[in-house]
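S.K.: Sharing run30.tsv below, TSV, C-alpha atoms:
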```tsv
chain	number	residue	atom	x	y	z
Q	1397	MET	CA	11.65	9.96	-25.59
Q	1398	ASP	CA	8.60	11.63	-24.00
Q	1399	PRO	CA	7.43	10.32	-20.63
Q	1400	VAL	CA	4.19	8.37	-20.38
Q	1401	ALA	CA	1.24	10.73	-20.01
Q	1402	LEU	CA	-0.36	10.86	-16.58
Q	1403	PRO	CA	-4.14	10.71	-16.14
Q	1404	PRO	CA	-5.66	14.03	-15.09
Q	1405	ALA	CA	-6.64	14.47	-11.47
Q	1406	ARG	CA	-10.27	13.84	-10.57
Q	1407	GLU	CA	-12.56	16.79	-9.97
Q	1408	ILE	CA	-12.70	17.85	-6.34
Q	1409	PRO	CA	-15.68	15.89	-4.93
Q	1410	SER	CA	-18.69	17.92	-3.84
Q	1411	ALA	CA	-21.10	14.98	-3.49
Q	1412	PHE	CA	-20.97	11.71	-1.55
Q	1413	VAL	CA	-20.75	9.40	-4.59
Q	1414	ALA	CA	-17.80	11.32	-6.01
Q	1415	SER	CA	-16.16	11.25	-2.58
Q	1416	VAL	CA	-16.52	7.45	-2.41
Q	1417	LYS	CA	-14.91	7.08	-5.85
Q	1418	SER	CA	-12.00	9.30	-4.80
Q	1419	TRP	CA	-11.59	7.37	-1.54
Q	1420	TRP	CA	-11.49	4.07	-3.45
Q	1421	SER	CA	-8.72	5.35	-5.76
Q	1422	VAL	CA	-6.34	6.32	-2.96
Q	1423	GLY	CA	-3.15	4.26	-2.64
Q	1424	GLU	CA	0.61	4.24	-3.11
Q	1425	LYS	CA	0.38	4.20	-6.91
Q	1426	GLN	CA	-2.05	7.11	-7.03
Q	1427	SER	CA	0.05	8.96	-4.44
Q	1428	ALA	CA	3.12	8.70	-6.69
Q	1429	ILE	CA	1.10	9.91	-9.68
Q	1430	SER	CA	-0.29	12.88	-7.74
Q	1431	GLU	CA	3.22	13.95	-6.73
Q	1432	GLU	CA	4.59	13.51	-10.23
Q	1433	ARG	CA	1.83	15.70	-11.69
Q	1434	LEU	CA	3.13	18.59	-9.61
Q	1435	LEU	CA	6.78	17.87	-10.38
Q	1436	ARG	CA	6.22	17.60	-14.13
Q	1437	ARG	CA	5.57	21.33	-14.09
Q	1438	LEU	CA	9.37	21.56	-13.87
Q	1439	PRO	CA	10.84	21.36	-17.40
Q	1440	PHE	CA	14.03	19.82	-16.00
Q	1441	PHE	CA	12.29	17.00	-14.10
Q	1442	ARG	CA	13.06	13.47	-15.33
Q	1443	PRO	CA	10.36	10.89	-14.50
Q	1444	GLU	CA	11.44	7.39	-13.54
Q	1445	ASN	CA	9.71	5.83	-16.58
Q	1446	LEU	CA	11.81	7.88	-18.99
Q	1447	SER	CA	14.00	5.05	-20.28
Q	1448	GLU	CA	16.11	7.07	-22.70
Q	1449	PRO	CA	18.32	10.05	-21.79
Q	1450	SER	CA	16.76	13.41	-22.52
Q	1451	SER	CA	18.27	15.46	-25.32
Q	1452	MET	CA	17.27	18.66	-23.54
Q	1453	GLN	CA	20.18	20.80	-22.43
Q	1454	SER	CA	19.56	22.19	-18.97
Q	1455	PRO	CA	21.77	23.62	-16.22
Q	1456	VAL	CA	20.02	21.29	-13.75
Q	1457	ILE	CA	18.30	17.91	-13.71
Q	1458	ALA	CA	15.67	16.86	-11.19
Q	1459	HIS	CA	14.59	13.37	-10.22
Q	1460	SER	CA	12.76	11.61	-7.40
Q	1461	SER	CA	14.17	8.73	-5.38
Q	1462	ARG	CA	13.83	6.78	-2.16
Q	1463	VAL	CA	16.82	7.12	0.14
Q	1464	ASP	CA	17.02	4.01	2.31
Q	1465	LEU	CA	17.93	4.43	5.97
Q	1466	ALA	CA	19.66	1.87	8.18
Q	1467	THR	CA	16.47	0.48	9.70
Q	1468	PRO	CA	14.74	-1.95	7.30
Q	1469	LYS	CA	11.77	-0.46	5.44
Q	1470	HIS	CA	12.69	3.05	6.56
Q	1471	TYR	CA	13.22	5.40	3.64
Q	1472	ILE	CA	13.00	9.10	2.81
Q	1473	ASN	CA	11.21	10.25	-0.33
Q	1474	THR	CA	13.54	12.79	-1.95
Q	1475	LEU	CA	13.54	15.23	-4.83
Q	1476	SER	CA	17.05	16.07	-6.03
Q	1477	ILE	CA	17.75	19.08	-8.26
Q	1478	THR	CA	21.42	18.89	-9.21
Q	1479	SER	CA	23.64	21.02	-11.41
Q	1480	THR	CA	24.82	19.48	-14.68
Q	1481	SER	CA	28.05	21.47	-14.14
Q	1482	PRO	CA	28.80	21.08	-10.42
Q	1483	SER	CA	31.39	23.43	-8.94
Q	1484	SER	CA	33.98	22.55	-6.32
Q	1485	THR	CA	33.43	26.01	-4.81
Q	1486	ALA	CA	29.64	25.78	-4.85
Q	1487	PRO	CA	27.69	27.05	-1.83
Q	1488	ALA	CA	26.11	24.49	0.49
Q	1489	PRO	CA	23.01	22.84	-1.01
Q	1490	ALA	CA	19.57	24.03	0.02
Q	1491	VAL	CA	17.28	21.46	1.66
Q	1492	LEU	CA	13.54	22.19	1.78
Q	1493	LEU	CA	11.64	20.76	4.73
Q	1494	HIS	CA	7.84	20.84	4.72
Q	1495	GLY	CA	5.48	21.42	7.62
Q	1496	TYR	CA	3.14	19.16	9.55
Q	1497	GLY	CA	1.31	16.59	7.45
Q	1498	ALA	CA	2.45	18.17	4.18
Q	1499	GLY	CA	4.95	16.95	1.58
Q	1500	LEU	CA	7.67	18.11	-0.79
Q	1501	GLY	CA	5.08	18.70	-3.54
Q	1502	PHE	CA	3.87	21.79	-1.66
Q	1503	PHE	CA	7.05	23.59	-2.82
Q	1504	TYR	CA	6.38	23.12	-6.55
Q	1505	GLN	CA	6.19	26.89	-7.13
Q	1506	ASN	CA	9.53	27.46	-5.41
Q	1507	PHE	CA	11.59	24.84	-7.25
Q	1508	PRO	CA	12.10	26.79	-10.52
Q	1509	THR	CA	13.72	29.79	-8.79
Q	1510	LEU	CA	15.89	27.60	-6.55
Q	1511	ALA	CA	16.89	25.49	-9.56
Q	1512	GLN	CA	18.14	28.62	-11.32
Q	1513	TRP	CA	20.33	29.34	-8.28
Q	1514	ALA	CA	21.65	25.77	-8.26
Q	1515	GLY	CA	22.44	25.89	-11.98
Q	1516	ARG	CA	24.17	29.24	-11.76
Q	1517	TYR	CA	26.39	28.36	-8.81
Q	1518	GLY	CA	26.91	24.65	-9.52
Q	1519	SER	CA	25.12	23.62	-6.34
Q	1520	SER	CA	22.07	21.46	-5.54
Q	1521	VAL	CA	18.59	21.73	-4.09
Q	1522	TYR	CA	16.86	18.92	-2.25
Q	1523	ALA	CA	13.35	18.52	-0.90
Q	1524	LEU	CA	12.34	15.59	1.25
Q	1525	ASP	CA	9.32	14.17	2.99
Q	1526	TRP	CA	9.86	13.75	6.70
Q	1527	LEU	CA	9.97	10.11	7.80
Q	1528	GLY	CA	6.36	9.05	8.36
Q	1529	MET	CA	4.88	11.88	6.27
Q	1530	GLY	CA	4.31	12.60	2.59
Q	1531	ARG	CA	5.51	9.65	0.55
Q	1532	SER	CA	8.27	8.59	2.92
Q	1533	ALA	CA	7.94	5.29	4.80
Q	1534	ARG	CA	4.90	5.22	7.07
Q	1535	VAL	CA	6.67	3.56	9.99
Q	1536	PRO	CA	5.35	3.00	13.53
Q	1537	PHE	CA	5.65	6.06	15.77
Q	1538	THR	CA	5.62	5.52	19.52
Q	1539	ILE	CA	6.72	7.53	22.54
Q	1540	LYS	CA	7.90	5.64	25.63
Q	1541	ALA	CA	8.08	8.62	28.01
Q	1542	ARG	CA	5.26	9.04	30.52
Q	1543	ARG	CA	2.53	11.56	29.75
Q	1544	ASP	CA	3.65	13.85	32.59
Q	1545	ASP	CA	7.29	13.71	31.43
Q	1546	VAL	CA	7.05	16.60	28.97
Q	1547	PRO	CA	10.81	16.99	28.35
Q	1548	GLY	CA	11.08	13.24	27.72
Q	1549	ARG	CA	8.16	13.23	25.30
Q	1550	VAL	CA	9.49	16.23	23.40
Q	1551	LYS	CA	13.00	14.80	23.17
Q	1552	GLU	CA	11.79	11.43	21.86
Q	1553	ALA	CA	9.52	13.01	19.27
Q	1554	GLU	CA	12.16	15.46	18.07
Q	1555	SER	CA	14.81	12.76	17.86
Q	1556	PHE	CA	12.63	10.73	15.49
Q	1557	PHE	CA	12.85	13.54	12.93
Q	1558	VAL	CA	16.26	15.01	13.69
Q	1559	GLU	CA	18.09	11.67	13.62
Q	1560	SER	CA	16.39	10.55	10.40
Q	1561	LEU	CA	17.40	13.87	8.80
Q	1562	GLU	CA	20.99	13.38	9.96
Q	1563	GLU	CA	21.02	9.83	8.61
Q	1564	TRP	CA	19.63	11.11	5.30
Q	1565	ARG	CA	22.38	13.76	5.16
Q	1566	THR	CA	25.04	11.11	5.68
Q	1567	LYS	CA	23.52	8.86	3.01
Q	1568	MET	CA	23.46	11.77	0.55
Q	1569	GLY	CA	27.10	12.63	1.28
Q	1570	LEU	CA	26.40	16.25	2.21
Q	1571	ASP	CA	28.86	18.10	4.42
Q	1572	LYS	CA	26.74	21.15	5.21
Q	1573	MET	CA	23.22	22.22	4.35
Q	1574	THR	CA	21.18	25.39	4.23
Q	1575	LEU	CA	17.88	24.31	5.76
Q	1576	VAL	CA	14.74	25.98	4.42
Q	1577	GLY	CA	11.94	24.85	6.73
Q	1578	HIS	CA	8.26	25.70	6.91
Q	1579	SER	CA	6.23	25.65	10.13
Q	1580	LEU	CA	6.98	22.39	11.98
Q	1581	GLY	CA	9.74	21.79	9.43
Q	1582	ALA	CA	11.26	25.10	10.54
Q	1583	TYR	CA	10.98	23.99	14.17
Q	1584	PHE	CA	12.81	20.74	13.42
Q	1585	SER	CA	15.42	22.69	11.42
Q	1586	VAL	CA	16.28	24.73	14.52
Q	1587	VAL	CA	16.36	21.63	16.73
Q	1588	TYR	CA	18.64	19.93	14.20
Q	1589	ALA	CA	20.92	22.99	14.11
Q	1590	LEU	CA	21.15	22.98	17.91
Q	1591	LYS	CA	22.31	19.37	17.91
Q	1592	TYR	CA	24.39	19.39	14.70
Q	1593	PRO	CA	25.59	23.01	14.31
Q	1594	ASP	CA	28.60	21.98	12.20
Q	1595	ARG	CA	26.25	20.56	9.55
Q	1596	VAL	CA	24.18	23.72	9.09
Q	1597	ASN	CA	25.28	26.52	6.82
Q	1598	LYS	CA	22.23	28.74	7.26
Q	1599	LEU	CA	18.65	28.57	8.46
Q	1600	VAL	CA	15.73	30.01	6.49
Q	1601	LEU	CA	12.55	29.70	8.55
Q	1602	LEU	CA	9.14	30.21	6.93
Q	1603	SER	CA	6.21	30.69	9.35
Q	1604	PRO	CA	8.16	28.78	12.02
Q	1605	ALA	CA	6.19	26.87	14.64
Q	1606	GLY	CA	7.15	26.54	18.27
Q	1607	VAL	CA	9.14	29.74	18.75
Q	1608	PRO	CA	7.27	31.82	21.39
Q	1609	ARG	CA	5.95	31.04	24.83
Q	1610	GLY	CA	2.33	30.83	25.88
Q	1611	PRO	CA	-0.93	29.50	24.44
Q	1612	ASN	CA	-2.22	32.87	23.28
Q	1613	THR	CA	0.50	33.69	20.79
Q	1614	THR	CA	-0.79	31.53	17.95
Q	1615	VAL	CA	-4.16	30.75	16.47
Q	1616	PRO	CA	-5.18	27.15	17.27
Q	1617	SER	CA	-4.44	24.75	14.44
Q	1618	ARG	CA	-3.40	27.60	12.17
Q	1619	GLU	CA	-1.42	25.31	9.91
Q	1620	LEU	CA	-4.62	23.45	9.07
Q	1621	THR	CA	-7.13	26.32	9.00
Q	1622	ASP	CA	-5.34	29.50	7.96
Q	1623	ALA	CA	-6.61	31.05	4.73
Q	1624	PRO	CA	-4.52	33.07	2.30
Q	1625	GLU	CA	-4.88	36.84	2.24
Q	1626	THR	CA	-6.11	38.34	-0.97
Q	1627	SER	CA	-5.17	41.77	-2.23
Q	1628	SER	CA	-4.70	43.58	-5.49
Q	1629	THR	CA	-1.51	45.21	-4.32
Q	1630	THR	CA	1.91	44.14	-5.50
Q	1631	PRO	CA	3.20	41.11	-3.53
Q	1632	ILE	CA	5.95	42.24	-1.16
Q	1633	ALA	CA	7.81	41.22	1.94
Q	1634	GLU	CA	8.32	43.95	4.53
Q	1635	PRO	CA	10.61	44.11	7.56
Q	1636	ALA	CA	8.82	43.01	10.72
Q	1637	THR	CA	8.32	46.15	12.84
Q	1638	LYS	CA	7.27	46.14	16.47
Q	1639	ASP	CA	3.87	47.70	15.64
Q	1640	LYS	CA	3.16	45.19	12.86
Q	1641	ILE	CA	4.02	42.23	15.10
Q	1642	GLU	CA	1.76	43.61	17.84
Q	1643	GLU	CA	-1.07	43.99	15.32
Q	1644	LEU	CA	-0.73	40.36	14.22
Q	1645	ARG	CA	-0.56	39.18	17.83
Q	1646	ASN	CA	-3.78	41.03	18.72
Q	1647	GLU	CA	-5.57	39.46	15.73
Q	1648	GLN	CA	-4.45	35.99	16.84
Q	1649	GLN	CA	-5.56	36.58	20.44
Q	1650	ASP	CA	-8.99	37.73	19.25
Q	1651	ALA	CA	-9.34	34.47	17.30
Q	1652	LYS	CA	-8.36	32.52	20.41
Q	1653	ARG	CA	-11.10	34.22	22.46
Q	1654	ARG	CA	-13.69	33.18	19.87
Q	1655	GLU	CA	-12.83	29.53	20.40
Q	1656	SER	CA	-15.91	27.36	19.83
Q	1657	LYS	CA	-17.23	24.21	21.48
Q	1658	SER	CA	-15.97	22.18	18.53
Q	1659	ARG	CA	-12.52	23.67	19.12
Q	1660	ARG	CA	-12.66	22.60	22.76
Q	1661	LEU	CA	-13.53	19.06	21.62
Q	1662	PHE	CA	-10.57	19.25	19.27
Q	1663	THR	CA	-8.36	20.27	22.22
Q	1664	TYR	CA	-9.54	17.24	24.21
Q	1665	LEU	CA	-8.82	14.85	21.35
Q	1666	TRP	CA	-5.43	16.51	20.85
Q	1667	GLU	CA	-4.42	15.79	24.43
Q	1668	GLU	CA	-5.62	12.21	24.01
Q	1669	GLY	CA	-3.14	11.75	21.15
Q	1670	TRP	CA	-5.44	12.03	18.16
Q	1671	SER	CA	-4.13	13.75	15.04
Q	1672	PRO	CA	-6.19	16.00	12.72
Q	1673	PHE	CA	-5.57	13.58	9.87
Q	1674	GLN	CA	-6.73	10.65	11.98
Q	1675	LEU	CA	-10.06	12.45	12.38
Q	1676	VAL	CA	-10.32	12.88	8.60
Q	1677	ARG	CA	-9.47	9.21	7.98
Q	1678	SER	CA	-12.09	8.15	10.53
Q	1679	THR	CA	-14.83	9.62	8.29
Q	1680	MET	CA	-13.82	7.09	5.60
Q	1681	PHE	CA	-15.91	7.75	2.45
Q	1682	TRP	CA	-16.53	11.34	3.49
Q	1683	GLY	CA	-12.79	12.05	3.78
Q	1684	PRO	CA	-12.11	13.19	0.18
Q	1685	MET	CA	-15.07	15.58	0.33
Q	1686	LEU	CA	-13.86	17.08	3.61
Q	1687	ILE	CA	-10.37	17.51	2.17
Q	1688	GLY	CA	-11.97	19.02	-0.94
Q	1689	LYS	CA	-13.68	21.71	1.13
Q	1690	TYR	CA	-10.30	22.59	2.62
Q	1691	SER	CA	-8.53	22.58	-0.75
Q	1692	SER	CA	-11.18	24.70	-2.46
Q	1693	ARG	CA	-11.09	27.30	0.31
Q	1694	ARG	CA	-7.40	27.27	1.08
Q	1695	PHE	CA	-5.87	27.47	-2.41
Q	1696	THR	CA	-8.03	30.16	-3.97
Q	1697	GLY	CA	-4.94	31.88	-5.35
Q	1698	LEU	CA	-4.03	28.90	-7.54
Q	1699	THR	CA	-5.39	28.08	-10.98
Q	1700	GLU	CA	-8.26	25.61	-11.23
Q	1701	GLU	CA	-5.91	22.90	-12.51
Q	1702	ASP	CA	-3.32	23.57	-9.80
Q	1703	THR	CA	-6.00	23.49	-7.10
Q	1704	ARG	CA	-7.32	20.17	-8.42
Q	1705	ASP	CA	-3.80	18.68	-8.58
Q	1706	MET	CA	-2.96	19.95	-5.09
Q	1707	HIS	CA	-6.20	18.45	-3.76
Q	1708	ASP	CA	-5.38	15.04	-5.24
Q	1709	TYR	CA	-1.88	15.20	-3.74
Q	1710	ILE	CA	-3.12	16.28	-0.30
Q	1711	MET	CA	-5.86	13.66	-0.34
Q	1712	ASN	CA	-3.42	10.83	-1.03
Q	1713	ILE	CA	-0.89	11.78	1.62
Q	1714	THR	CA	-3.61	12.57	4.19
Q	1715	LEU	CA	-5.47	9.28	3.77
Q	1716	ALA	CA	-2.27	7.21	3.86
Q	1717	LYS	CA	-1.45	5.17	6.96
Q	1718	GLY	CA	-0.94	7.28	10.07
Q	1719	SER	CA	2.65	7.51	11.27
Q	1720	SER	CA	4.78	10.38	12.53
Q	1721	GLU	CA	1.80	12.74	12.38
Q	1722	TYR	CA	1.18	11.52	15.95
Q	1723	CYS	CA	4.19	13.55	17.06
Q	1724	ILE	CA	2.07	16.68	17.16
Q	1725	SER	CA	0.56	16.31	20.66
Q	1726	HIS	CA	3.97	15.54	22.15
Q	1727	ILE	CA	5.73	18.56	20.64
Q	1728	LEU	CA	2.92	21.11	20.56
Q	1729	ALA	CA	0.19	21.73	23.11
Q	1730	PRO	CA	-3.39	22.60	22.09
Q	1731	GLY	CA	-3.23	26.02	20.48
Q	1732	VAL	CA	-0.14	24.92	18.57
Q	1733	HIS	CA	2.35	26.49	20.95
Q	1734	ALA	CA	5.45	24.46	21.78
Q	1735	ARG	CA	5.60	22.48	24.98
Q	1736	MET	CA	9.28	23.46	25.05
Q	1737	PRO	CA	9.47	26.76	23.09
Q	1738	LEU	CA	12.53	27.34	20.98
Q	1739	VAL	CA	12.93	30.78	22.51
Q	1740	ASP	CA	13.79	29.13	25.85
Q	1741	ARG	CA	16.36	26.84	24.24
Q	1742	LEU	CA	18.52	29.57	22.75
Q	1743	ASP	CA	20.97	31.74	24.64
Q	1744	GLY	CA	19.26	35.00	25.40
Q	1745	PRO	CA	16.57	35.79	22.78
Q	1746	GLU	CA	13.12	36.78	24.05
Q	1747	GLY	CA	11.24	36.32	20.76
Q	1748	GLY	CA	11.56	36.59	17.00
Q	1749	ARG	CA	12.29	40.31	16.63
Q	1750	GLN	CA	14.34	40.51	19.85
Q	1751	SER	CA	16.38	37.46	18.85
Q	1752	ILE	CA	17.39	39.24	15.65
Q	1753	GLU	CA	18.57	42.25	17.67
Q	1754	ASN	CA	20.48	40.04	20.11
Q	1755	MET	CA	22.24	38.26	17.24
Q	1756	ARG	CA	23.28	41.61	15.79
Q	1757	GLN	CA	24.69	42.70	19.12
Q	1758	ALA	CA	26.60	39.41	19.30
Q	1759	GLY	CA	28.24	40.16	15.97
Q	1760	ASN	CA	25.96	38.34	13.56
Q	1761	GLY	CA	24.20	41.07	11.60
Q	1762	ASN	CA	22.84	38.66	9.03
Q	1763	GLY	CA	19.75	37.61	10.95
Q	1764	ARG	CA	16.60	39.18	9.49
Q	1765	MET	CA	12.87	38.87	9.97
Q	1766	TYR	CA	10.21	39.72	7.37
Q	1767	ILE	CA	6.44	39.79	7.10
Q	1768	VAL	CA	5.24	38.55	3.72
Q	1769	SER	CA	2.19	40.44	2.48
Q	1770	ASN	CA	-0.80	38.81	0.78
Q	1771	ALA	CA	-0.11	35.44	2.35
Q	1772	GLY	CA	-1.34	33.15	5.09
Q	1773	HIS	CA	0.53	30.41	6.91
Q	1774	HIS	CA	1.65	28.74	3.66
Q	1775	VAL	CA	3.56	31.86	2.57
Q	1776	TYR	CA	5.55	30.01	-0.10
Q	1777	LEU	CA	2.31	28.97	-1.85
Q	1778	ASP	CA	0.30	32.16	-1.30
Q	1779	ASN	CA	3.04	34.58	-2.35
Q	1780	PRO	CA	5.77	32.53	-4.07
Q	1781	LYS	CA	7.30	35.55	-5.81
Q	1782	ALA	CA	8.09	37.38	-2.58
Q	1783	VAL	CA	9.22	34.23	-0.75
Q	1784	ASN	CA	11.42	33.09	-3.65
Q	1785	GLU	CA	13.12	36.48	-3.70
Q	1786	LEU	CA	13.77	36.32	0.04
Q	1787	ILE	CA	15.15	32.77	-0.09
Q	1788	LEU	CA	17.32	33.65	-3.08
Q	1789	ARG	CA	18.66	36.71	-1.28
Q	1790	ASP	CA	19.66	34.58	1.71
Q	1791	LEU	CA	21.24	31.87	-0.43
Q	1792	LYS	CA	23.36	34.46	-2.22
Q	1793	ARG	CA	24.38	36.25	0.96
Q	1794	PRO	CA	27.87	35.21	2.21
Q	1795	THR	CA	27.87	32.91	5.20
Q	1796	PRO	CA	28.75	35.03	8.26
Q	1797	THR	CA	31.76	34.38	10.45
Q	1798	LEU	CA	30.73	34.84	14.06
Q	1799	LYS	CA	32.89	36.83	16.45
Q	1800	SER	CA	34.66	34.76	19.06
Q	1801	SER	CA	33.93	35.64	22.67
```
Take the structure in this file and express it as structure tokens.
M.R.:
Amino acid sequence: MDPVALPPAREIPSAFVASVKSWWSVGEKQSAISEERLLRRLPFFRPENLSEPSSMQSPVIAHSSRVDLATPKHYINTLSITSTSPSSTAPAPAVLLHGYGAGLGFFYQNFPTLAQWAGRYGSSVYALDWLGMGRSARVPFTIKARRDDVPGRVKEAESFFVESLEEWRTKMGLDKMTLVGHSLGAYFSVVYALKYPDRVNKLVLLSPAGVPRGPNTTVPSRELTDAPETSSTTPIAEPATKDKIEELRNEQQDAKRRESKSRRLFTYLWEEGWSPFQLVRSTMFWGPMLIGKYSSRRFTGLTEEDTRDMHDYIMNITLAKGSSEYCISHILAPGVHARMPLVDRLDGPEGGRQSIENMRQAGNGNGRMYIVSNAGHHVYLDNPKAVNELILRDLKRPTPTLKSS
């Protein structure tokens, strides 16, 4: 039985009246539809309204569900891609963790490749919305620590995400996971691994946030403003050399020096606890049009239909009730550098490239760092071919056994 057809996404609004109509349509029902539009691109996805079993033979089946947590009305929106022939010797499942204010739908171009891996090895792939983001429960988010107690604020904010991920893992019955995190999702993946090392098989970090020290190492708000690179060359991922890293750092510092008055206002609001999405919601009827300007500029590498569907998805999760998005000013300072950088919470490493070298000297030669060409901050969307190949390579690589000291 074929699933019920979904209505097409609205055109991206470019005028006030169209923006008002889009704003009026936003809600939980429309949010679910916008996510399902993206997931139906997967031939193995089974919508909830499909009442009869599919006759299609596939090595994997995908479905969406809400995973309830212990606290009432707390749940995690989850996409599960499971093998139809699970293996007792299968590698640990891969768990995709999105960045700040995003959702699992952002990975729609990565699911097919990862599903092939799951089907071949009898494993599983999961993608989830962080608690308070995407289509997970929009629960209250509060920090009790004083404003001048930075370690206390950071710990409380991190625990909100790390403990909900651990509770989700327990509910799903997973022993170990390979965490594939993007940006803030990569940051939380590392924090989770530091607290629950026995539950992590591997870490794959895409454009990780919060690694280095200092306010001048990242472009302010890059996750929200970064544009994809465009080039006619073949999409590749290249090893991160010292010269290439220095070139990128200089470009980011130049952008920081050009900081405008509006950016300084943004910094003030950041420190006062405002979130970027709160600012968008405060414009009310203008919100969809503002989001449309971002979508049209940011996703130029996608087809017109994909861009329209991504806009509808982003609009619905952005205009939903504010929740854990308010973590951002507690974890990251203005400029999007960590208040407690990950580099200072590991034993020895001085930065991304140096940390790889230190791990090799310690006996773990499996750590690698790459620069993905023709891509901005959302590398997995801008250059999915290169990123999929890198993730697949890491998933297939044997889990290292560290030398004992």
S.K.: For each of Q:Pro1536, Q:Arg1531, Q:Val1550, Q:Pro1684, take the minimum atom-to-atom distance to Q:Val1416, counting only C-alpha atoms, then give the residue where this is smallest.
M.R.: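 The closest residue to Q:Val1416 is Q:Pro1684.
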S.K.: Would you list the residues near (-3.3, 12.9, -11.3) (no more than 12 Å away, in the coordinates of the file, using all atoms listed in the file) as a PyMOL selection string?
M.R.: chain Q and resi 1401-1408+1418+1421-1422+1425-1436+1701-1712
S.K.: Do you have the atom CA of Q:Arg1534-atom CA of Q:Leu1675 distance handy?
M.R.: 17.4 Å
S.K.: Using all atoms listed in the file, determine which residues lie at most 7 Å from Q:Gly1606, disregarding the query and same-chain residues fewer than 3 positions distant; provide the list as a list in words.
M.R.: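 Using all atoms listed in the file, the neighbours found are Tyr1583, His1733, Ala1734, Pro1737 and Leu1738 of chain Q.
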S.K.: Export C-alpha atoms of the chosen residues as a PDB file, keeping the file's coordinate frame?
M.R.:
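Heads up, here's the output in out-v6.pdb:
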```pdb
ATOM      1  CA  TYR Q1583      10.980  23.990  14.170  1.00  0.00           C
ATOM      2  CA  HIS Q1733       2.350  26.490  20.950  1.00  0.00           C
ATOM      3  CA  ALA Q1734       5.450  24.460  21.780  1.00  0.00           C
ATOM      4  CA  PRO Q1737       9.470  26.760  23.090  1.00  0.00           C
ATOM      5  CA  LEU Q1738      12.530  27.340  20.980  1.00  0.00           C
TER       6      LEU Q1738
END
```
S.K.: Report, in Å with one decimal, the straight-line distance from atom CA of Q:Gly1501 to atom CA of Q:Lys1572.
M.R.: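 That distance, rounded to one decimal, is 23.5 Å.
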S.K.: Extract, using all atoms listed in the file, all DNA, RNA and protein residues at most 12 Å from Q:Met1736, discarding same-chain residues fewer than 6 positions from it, and format them as a PyMOL selection string.
M.R.: chain Q and resi 1545-1551+1553-1554+1583+1587+1605-1611+1726-1729+1742
S.K.: Around stretch 1406-1418 of chain Q, fit a box with edges along x, y and z, padding it by 5 Å on each side, then list its centre and edge lengths in Å to one decimal as AutoDock Vina command-line options.
M.R.:
```
--center_x -15.7 --center_y 12.5 --center_z -6.1 --size_x 20.8 --size_y 20.8 --size_z 19.0
```
S.K.: Neighbouring residues of Q:Lys1717 were defined as those with any atom within 12 Å, considering all atoms listed in the file; residues of the same chain fewer than 6 positions away were excluded. Please report them as a PDB file with C-alpha atoms, in the coordinates of the input.
M.R.:
```pdb
ATOM      1  CA  VAL Q1422      -6.340   6.320  -2.960  1.00  0.00           C
ATOM      2  CA  GLY Q1423      -3.150   4.260  -2.640  1.00  0.00           C
ATOM      3  CA  GLU Q1424       0.610   4.240  -3.110  1.00  0.00           C
ATOM      4  CA  GLY Q1497       1.310  16.590   7.450  1.00  0.00           C
ATOM      5  CA  GLY Q1528       6.360   9.050   8.360  1.00  0.00           C
ATOM      6  CA  MET Q1529       4.880  11.880   6.270  1.00  0.00           C
ATOM      7  CA  GLY Q1530       4.310  12.600   2.590  1.00  0.00           C
ATOM      8  CA  ARG Q1531       5.510   9.650   0.550  1.00  0.00           C
ATOM      9  CA  SER Q1532       8.270   8.590   2.920  1.00  0.00           C
ATOM     10  CA  ALA Q1533       7.940   5.290   4.800  1.00  0.00           C
ATOM     11  CA  ARG Q1534       4.900   5.220   7.070  1.00  0.00           C
ATOM     12  CA  VAL Q1535       6.670   3.560   9.990  1.00  0.00           C
ATOM     13  CA  PRO Q1536       5.350   3.000  13.530  1.00  0.00           C
ATOM     14  CA  PHE Q1537       5.650   6.060  15.770  1.00  0.00           C
ATOM     15  CA  PHE Q1673      -5.570  13.580   9.870  1.00  0.00           C
ATOM     16  CA  GLN Q1674      -6.730  10.650  11.980  1.00  0.00           C
ATOM     17  CA  VAL Q1676     -10.320  12.880   8.600  1.00  0.00           C
ATOM     18  CA  ARG Q1677      -9.470   9.210   7.980  1.00  0.00           C
ATOM     19  CA  SER Q1678     -12.090   8.150  10.530  1.00  0.00           C
TER      20      SER Q1678
END
```
S.K.: With all atoms listed in the file as the basis for distance, which of Q:Thr1637, Q:Ser1560, Q:Ser1454, Q:Gln1505 is at the shortest distance from Q:Asn1473?
M.R.: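 Nearest candidate to Q:Asn1473 out of Q:Thr1637, Q:Ser1560, Q:Ser1454, Q:Gln1505: Q:Ser1560.
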S.K.: In the coordinates of the file, take the point (14.0, 5.1, 6.6) and a cut-off of 9 Å; then, counting all atoms listed in the file, name each qualifying protein, DNA or RNA residue as a VMD selection string.
M.R.: chain Q and resid 1462 to 1472 1527 to 1528 1532 to 1533 1535 1560 1563 to 1564
S.K.: If I take atom CA of Q:Lys1598 and atom CA of Q:Leu1510, how far is one from the other in Å, to one decimal?
M.R.: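 Computing it gives 15.2 Å between the two atoms.
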S.K.: Show me, as a PyMOL selection string, the residues that have an atom within 8 Å of stretch 1670-1672 of chain Q when counting all atoms listed in the file, minus same-chain residues fewer than 2 positions from it.
M.R.: chain Q and resi 1665-1668+1674-1676+1721-1722+1724-1725
S.K.: Tell me which of Q:His1774, Q:Thr1538, Q:Gly1697, Q:Trp1513 sits closest to Q:Arg1789, counting only C-alpha atoms.
M.R.: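 Result for the nearest residue to Q:Arg1789: Q:Trp1513.
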